[in-house]
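Okay, structure first, notes after.
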Amino acid sequence: MNKVLVEEKLDIAQEFYLGITYDTVAKKPIAIFSAEGGVDIEELALQKPEKVQKRHFSVRSGLPEYKAREMISLTGINGKTLLGLSNIFPLLANIFLENDATIAEINPLAQTTDGKRVALDCHLEIDDDALFRNRSIAEKEKDPDRIKGERKQSDFEKKAAEIDNLDQKGVAGRLIEFDGDLGLIIGGGGASLTAFDAVQRHGGHPANYCEIGGNPSVLKTKELTKHILSKPGVEKIAVIMNVVSNTRVDLMARGVIKGILETEKNPSETLAVFRIPGAWEEEGFKILSKYGVDYCDRTISIDEAARKGVEKLKRG
Amino acid sequence: MAILADENTRIIVQGITGREAVTFTKDMIDYGSKVVAGVTPGKGSQTVYRVPVFNTVYEALKEYPADASVISVPPAMIKGAALEALSNGIKFLVIVAERVPRKDTIEILEVARENDAVVIGPNTLGMINPHTVKIGMAGGPVENVKMAYMPGPIAIASRSGGMTTEIANLLTNHGIGQSTCISIGGDPVVGSNFLDLIPLFDKDPGTEAVVLFCEPGGVIEERLSELVISEHIKTPIVAFVAGRFVDKMPGVRFGHAATIVEGKKGTAAGKIEHFKKAGIHIAEGLDDIVSILKEIL
C-alpha cells in the first residue's frame with residue numbers, strides 16, 4: 001500500500017443508483033435507476049424488479065431529461081430531489097457516450113441531510129476497441145499506480161505473451177497455465193474452447209490453454225512449442241485446430257516440428273496428435289510424413305483427435 | 001432453399017482494395033457469388049479481379065444496383081461505411097471487420113432498424129449457402145469451401161467463425177448437407193444473433209434443423225430458450241456449448257449494471273440448463289451433433 005484516500009464524512013439521508021450500459025439483447029443503450037442504491041443493487045434487481053427502473057435510449061441523441069424524470073418519478077421521488085437527479089442522469093449518459101464507455105455508474109449517489117447530492121462512488125469501463133480515439137484514457141493504462149482487476153499472469157504466461165509479440169503475424173499466445181501433463185497448441189478461438197473441453201472429457205489433463213489464429217509466423221509457433229515443452233512434466237503436445245482457411249497448415253507444421261527438434265525431441269513421439277486440416281494441407285502433411293508423424297486429416301473430428309491425443313499420452 | 005441470400009444476390013465490397021478484401025473477393029467470385037462492384041474512396045476507376053471500383057457507394061449503385069454489402073475497412077471507418085451503405089438503400093450488410101467500437105456497432109444497428117436492414121457481424125467470417133452463394137471470408141478459397149460444405153437441410157449459426165466451417169465439415173463428412181451457415185460474429189453485440197436468426201430458420205422450408213455453436217458469456221442463449229418456448233419454434237435445434245472448463249476458472253467480474261440487465265447468467269452450465277428446459281438438444285461432444293441430427297431427420 002502506498003496511498004490513502006481521505007474523504008469528508010457526510011450525513012446521508014438517501015442513496016441512489018444511476019447506471020448506463022448497453023443491453024446486448026436489445027442492442028441499445030439502457031439507463032438504470034433505483035432509489036435504493038448501494039452494494040446490494042443486483043440483489044434488489046432480482047428480488048424487487050419494480051424498484052429498479054430501466055429505459056432504452058438512442059445512442060445518437062442521448063438520454064432525454066424527460067425519460068430520466070419518468071424513471072425517477074416512478075420510484076416515488078418528488079420535489080427538488082426529482083429535478084436534481086433528472087438533471088444529473090443525462091450528464092452521466094453523455095459521459096458514457098463521449099468516452100466510449102461500456103458501463104458508467106454512480107453507486108451510490110448520496111443525498112445528504114442538508115440537501116446536497118454527492119457521487120460517493122463511480123465505476124467507468126472503457127471499450128478497449130475505442131481507445132484509439134480516446135488517447136487521454138489510453139495514457140492512463142500506463143499509470144504504474146493503476147490497480148489491475150484481472151487475474152495475475154504467471155511467469156509462464158508472461159513468457160508466452162512475449163513470444164506472441166515477437167512479430168505482428170497472427171496470434172500464437174493467449175496462454176493460460178494449467179497443471180496437467182499434455183501441452184496444447186490449439187486454435188482458433190471457438191475451436192480452442194472445443195478442443196480443451198474435448199481433451200478433458202476424454203480424461204486428459206491439459207498443461208495449458210492457448211489460442212492460435214490469423215496465420216502466425218513459423219518463428220512464433222516454433223517458440224511457443226519450445227516454451228510449452230519446457231514445462232517440467234510435459235513430454236507430449238496435442239496440436240488441434242478447426243479446418244483452417246487463413247492459417248496455413250504447412251507453416252503450422254513447420255513451426256511445431258522445428259520447435260520439437262530444437263528441444264532435441266522426436267516429433268513422432270512428442271506429438272500426441274496433429275490435427276489441422278485446410279489451407280495448404282497437402283504441403284503440411286508432406287512435412288509431417290517426413291518426420292513420421294501420424295497426422296489427422298479433415299475426416300477426423302476435433303473430438304476424435306482429442307481422444308487420440310489423450311490415448312497416445314496414456315500409452316506413454 | 002435457404003435464407004438471407006441466393007445466387008441472384010448482387011454484392012458490393014466496401015474496402016475492396018484492402019489486402020484481405022482482395023483475397024475474399026476472388027474467393028467469392030470463384031464460388032459463384034455476384035460481386036458487382038467495389039468501393040474504396042480515392043481508388044475509383046481501378047478494378048479488382050475485373051470488379052470495378054468506385055469512390056462512393058452512391059456512384060457504384062448508380063451503375064451497378066446491389067442488394068448486399070460486405071464491409072472490410074479499418075475500425076475507425078466502419079461506422080461511416082455502414083451508414084453510407086444504409087443511406088444508399090442497401091438492406092443487407094455483412095461487417096467482416098473486427099475491433100469495431102461498441103458504440104459504433106450500436107449506432108449502425110439503430111440506423112439499420114430504421115431502414116429495415118439486416119446486419120451480420122461485426123467480427124464475422126460471413127455466410128455460406130452451399131453451392132449457391134458465399135458472402136464474406138467463410139471457408140476460404142473455393143476448393144476448401146467445396147470440401148467442407150454441401151447443400152442440404154441443416155442450418156448452422158455459430159459464435160465462432162472457424163467453427164462454422166468446422167461444423168459444416170463434420171456434417172459433410174457424414175453426408176449431412178447444409179442450407180445456410182452463418183458466422184454471427186464474435187462481439188458481445190452483433191447485428192443478427194441467435195434470437196434474430198432462429199425465427200428466420202423456423203420459417204425456411206429448406207431448413208429442417210439448426211445447429212448452434214455457443215460460447216460462455218452474454219445472455220443470448222438464455223433468451224433464446226425463452227423465445228423457443230414463447231414463439232413455439234418447431235424446428236429442432238441442436239446446441240453445442242464450448243468452453244465448459246471456463247466455468248471453473250477464477251471469476252471474471254462484471255459491473256453491477258451488466259448484472260442488473262443480464263442477471264447472473266452467462267456460464268456454459270447455465271446455458272445448457274436453459275436449453276434443456278426449452279427442449280433444445282445438447283451435444284455433449286462435438287461429434288454428438290451428428291448422432292442427434294440422424295435421430296431427428
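Going by the C-alpha cells order, chains are called A, B, ..., each with residues numbered from 1, while ligands are numbered from 1 in the order shown.
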
Subject >> Those in range 59-134 of chain A with helix (DSSP H, G or I) from DSSP, as number ranges by chain >> reply: A: 65-74, 79-98, 128-133

Subject >> strand (DSSP E or B) call set, DSSP backbone run, range 98-273 of chain A, as an NGL selection string >> reply: :A and (101-112 or 117-119 or 122-126 or 171-177 or 182-187 or 206 or 208-213 or 236-241 or 244 or 271-273)

Residues as selected, N, CA and C atoms, written as a short mmCIF file (atom, residue, chain, number, x, y, z; two decimals), in the first residue's frame, can you do that?
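That gives us again.cif:
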data_model
loop_
_atom_site.label_atom_id
_atom_site.label_comp_id
_atom_site.auth_asym_id
_atom_site.auth_seq_id
_atom_site.Cartn_x
_atom_site.Cartn_y
_atom_site.Cartn_z
N ALA A 101 -17.65 4.45 -23.20
CA ALA A 101 -17.73 3.54 -22.06
C ALA A 101 -18.62 2.36 -22.42
N THR A 102 -18.44 1.26 -21.70
CA THR A 102 -19.38 0.15 -21.83
C THR A 102 -20.24 0.06 -20.56
N ILE A 103 -19.74 0.67 -19.47
CA ILE A 103 -20.51 0.81 -18.25
C ILE A 103 -20.15 2.16 -17.62
N ALA A 104 -21.16 2.91 -17.19
CA ALA A 104 -20.91 4.11 -16.39
C ALA A 104 -21.93 4.09 -15.27
N GLU A 105 -21.47 4.06 -14.03
CA GLU A 105 -22.45 4.07 -12.96
C GLU A 105 -21.99 4.89 -11.77
N ILE A 106 -22.97 5.52 -11.11
CA ILE A 106 -22.73 6.20 -9.84
C ILE A 106 -23.51 5.40 -8.81
N ASN A 107 -22.78 4.79 -7.92
CA ASN A 107 -23.44 3.96 -6.91
C ASN A 107 -22.63 3.93 -5.64
N PRO A 108 -23.07 4.62 -4.60
CA PRO A 108 -24.31 5.39 -4.59
C PRO A 108 -24.10 6.86 -4.90
N LEU A 109 -25.16 7.47 -5.36
CA LEU A 109 -25.24 8.92 -5.40
C LEU A 109 -26.00 9.29 -4.12
N ALA A 110 -25.33 9.99 -3.22
CA ALA A 110 -25.94 10.22 -1.91
C ALA A 110 -26.64 11.58 -1.86
N GLN A 111 -27.75 11.58 -1.17
CA GLN A 111 -28.43 12.83 -0.83
C GLN A 111 -28.10 13.06 0.64
N THR A 112 -27.44 14.19 0.95
CA THR A 112 -27.05 14.42 2.34
C THR A 112 -28.23 15.03 3.10
N ARG A 117 -26.28 16.71 -3.16
CA ARG A 117 -26.14 15.41 -3.80
C ARG A 117 -24.67 15.17 -4.14
N VAL A 118 -24.13 14.04 -3.67
CA VAL A 118 -22.70 13.76 -3.83
C VAL A 118 -22.52 12.34 -4.40
N ALA A 119 -21.70 12.24 -5.45
CA ALA A 119 -21.36 10.92 -6.00
C ALA A 119 -20.33 10.28 -5.08
N CYS A 122 -18.03 5.80 -8.13
CA CYS A 122 -18.35 5.72 -9.55
C CYS A 122 -17.59 4.56 -10.17
N HIS A 123 -18.10 4.09 -11.27
CA HIS A 123 -17.47 2.97 -11.96
C HIS A 123 -17.62 3.22 -13.46
N LEU A 124 -16.47 3.25 -14.15
CA LEU A 124 -16.50 3.55 -15.57
C LEU A 124 -15.64 2.51 -16.28
N GLU A 125 -16.22 1.80 -17.24
CA GLU A 125 -15.42 0.85 -18.04
C GLU A 125 -15.38 1.34 -19.47
N ILE A 126 -14.16 1.38 -20.02
CA ILE A 126 -13.99 1.92 -21.37
C ILE A 126 -13.76 0.78 -22.36
N VAL A 171 -1.69 -14.74 -34.33
CA VAL A 171 -1.67 -14.90 -32.88
C VAL A 171 -1.16 -16.30 -32.54
N ALA A 172 -0.14 -16.36 -31.68
CA ALA A 172 0.32 -17.64 -31.14
C ALA A 172 0.64 -17.38 -29.68
N GLY A 173 -0.40 -17.29 -28.87
CA GLY A 173 -0.19 -16.96 -27.47
C GLY A 173 -1.49 -17.08 -26.71
N ARG A 174 -1.85 -16.01 -25.97
CA ARG A 174 -3.04 -16.02 -25.11
C ARG A 174 -3.07 -17.31 -24.28
N LEU A 175 -1.93 -17.58 -23.70
CA LEU A 175 -1.77 -18.84 -22.99
C LEU A 175 -2.23 -18.72 -21.54
N ILE A 176 -2.92 -19.73 -21.07
CA ILE A 176 -3.29 -19.83 -19.66
C ILE A 176 -2.74 -21.15 -19.14
N GLU A 177 -2.06 -21.06 -18.00
CA GLU A 177 -1.39 -22.23 -17.47
C GLU A 177 -2.35 -23.12 -16.67
N LEU A 182 -0.42 -32.63 -20.55
CA LEU A 182 -0.50 -32.60 -22.01
C LEU A 182 -0.47 -31.15 -22.51
N GLY A 183 0.63 -30.81 -23.21
CA GLY A 183 0.73 -29.46 -23.77
C GLY A 183 -0.25 -29.30 -24.92
N LEU A 184 -0.87 -28.13 -25.04
CA LEU A 184 -1.84 -27.92 -26.10
C LEU A 184 -1.42 -26.74 -26.99
N ILE A 185 -1.45 -27.00 -28.31
CA ILE A 185 -1.34 -25.91 -29.28
C ILE A 185 -2.64 -25.98 -30.06
N ILE A 186 -3.57 -25.07 -29.72
CA ILE A 186 -4.93 -25.19 -30.24
C ILE A 186 -5.42 -23.85 -30.78
N GLY A 187 -6.37 -23.91 -31.70
CA GLY A 187 -6.90 -22.67 -32.28
C GLY A 187 -8.00 -22.99 -33.26
N PRO A 206 -4.87 -31.07 -19.50
CA PRO A 206 -4.10 -30.07 -20.24
C PRO A 206 -3.09 -29.35 -19.35
N ASN A 208 -1.93 -26.51 -20.51
CA ASN A 208 -2.17 -25.09 -20.84
C ASN A 208 -3.36 -24.97 -21.78
N TYR A 209 -3.91 -23.74 -21.81
CA TYR A 209 -4.86 -23.35 -22.85
C TYR A 209 -4.11 -22.36 -23.73
N CYS A 210 -4.44 -22.28 -25.01
CA CYS A 210 -3.88 -21.21 -25.82
C CYS A 210 -4.77 -20.97 -27.04
N GLU A 211 -4.50 -19.91 -27.77
CA GLU A 211 -5.26 -19.64 -28.98
C GLU A 211 -4.32 -19.30 -30.12
N ILE A 212 -4.42 -20.09 -31.18
CA ILE A 212 -3.65 -19.83 -32.39
C ILE A 212 -4.63 -19.28 -33.43
N GLY A 213 -4.21 -18.30 -34.20
CA GLY A 213 -5.10 -17.82 -35.25
C GLY A 213 -4.44 -16.79 -36.14
N LYS A 236 4.55 -34.44 -24.06
CA LYS A 236 3.83 -34.52 -25.33
C LYS A 236 2.92 -33.31 -25.52
N ILE A 237 2.72 -32.96 -26.79
CA ILE A 237 1.77 -31.89 -27.09
C ILE A 237 0.74 -32.36 -28.12
N ALA A 238 -0.45 -31.85 -27.96
CA ALA A 238 -1.52 -32.10 -28.93
C ALA A 238 -1.74 -30.82 -29.71
N VAL A 239 -1.72 -30.93 -31.03
CA VAL A 239 -1.94 -29.77 -31.91
C VAL A 239 -3.30 -29.97 -32.59
N ILE A 240 -4.25 -29.13 -32.25
CA ILE A 240 -5.61 -29.31 -32.79
C ILE A 240 -6.19 -27.95 -33.19
N MET A 241 -6.60 -27.83 -34.43
CA MET A 241 -7.30 -26.62 -34.87
C MET A 241 -8.51 -27.01 -35.72
N VAL A 244 -8.87 -24.94 -41.29
CA VAL A 244 -8.40 -23.55 -41.41
C VAL A 244 -8.54 -23.05 -42.85
N LEU A 271 4.55 -35.53 -30.59
CA LEU A 271 3.21 -35.10 -31.00
C LEU A 271 2.18 -36.17 -30.62
N ALA A 272 1.39 -35.86 -29.61
CA ALA A 272 0.33 -36.79 -29.21
C ALA A 272 -0.69 -36.88 -30.33
N VAL A 273 -0.92 -35.75 -31.00
CA VAL A 273 -1.79 -35.73 -32.16
C VAL A 273 -1.54 -34.43 -32.92
#

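Atom pair CA of Asn8 in chain B / CA of Met127 in chain B: separated by 15.0 Å.
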
Subject >> Contact set, chain A to chain B: 6 Å, only C-alpha atoms, as a PyMOL selection string >> reply: chain A and resi 24+42+45+129-130+190+193-194+242-243+245
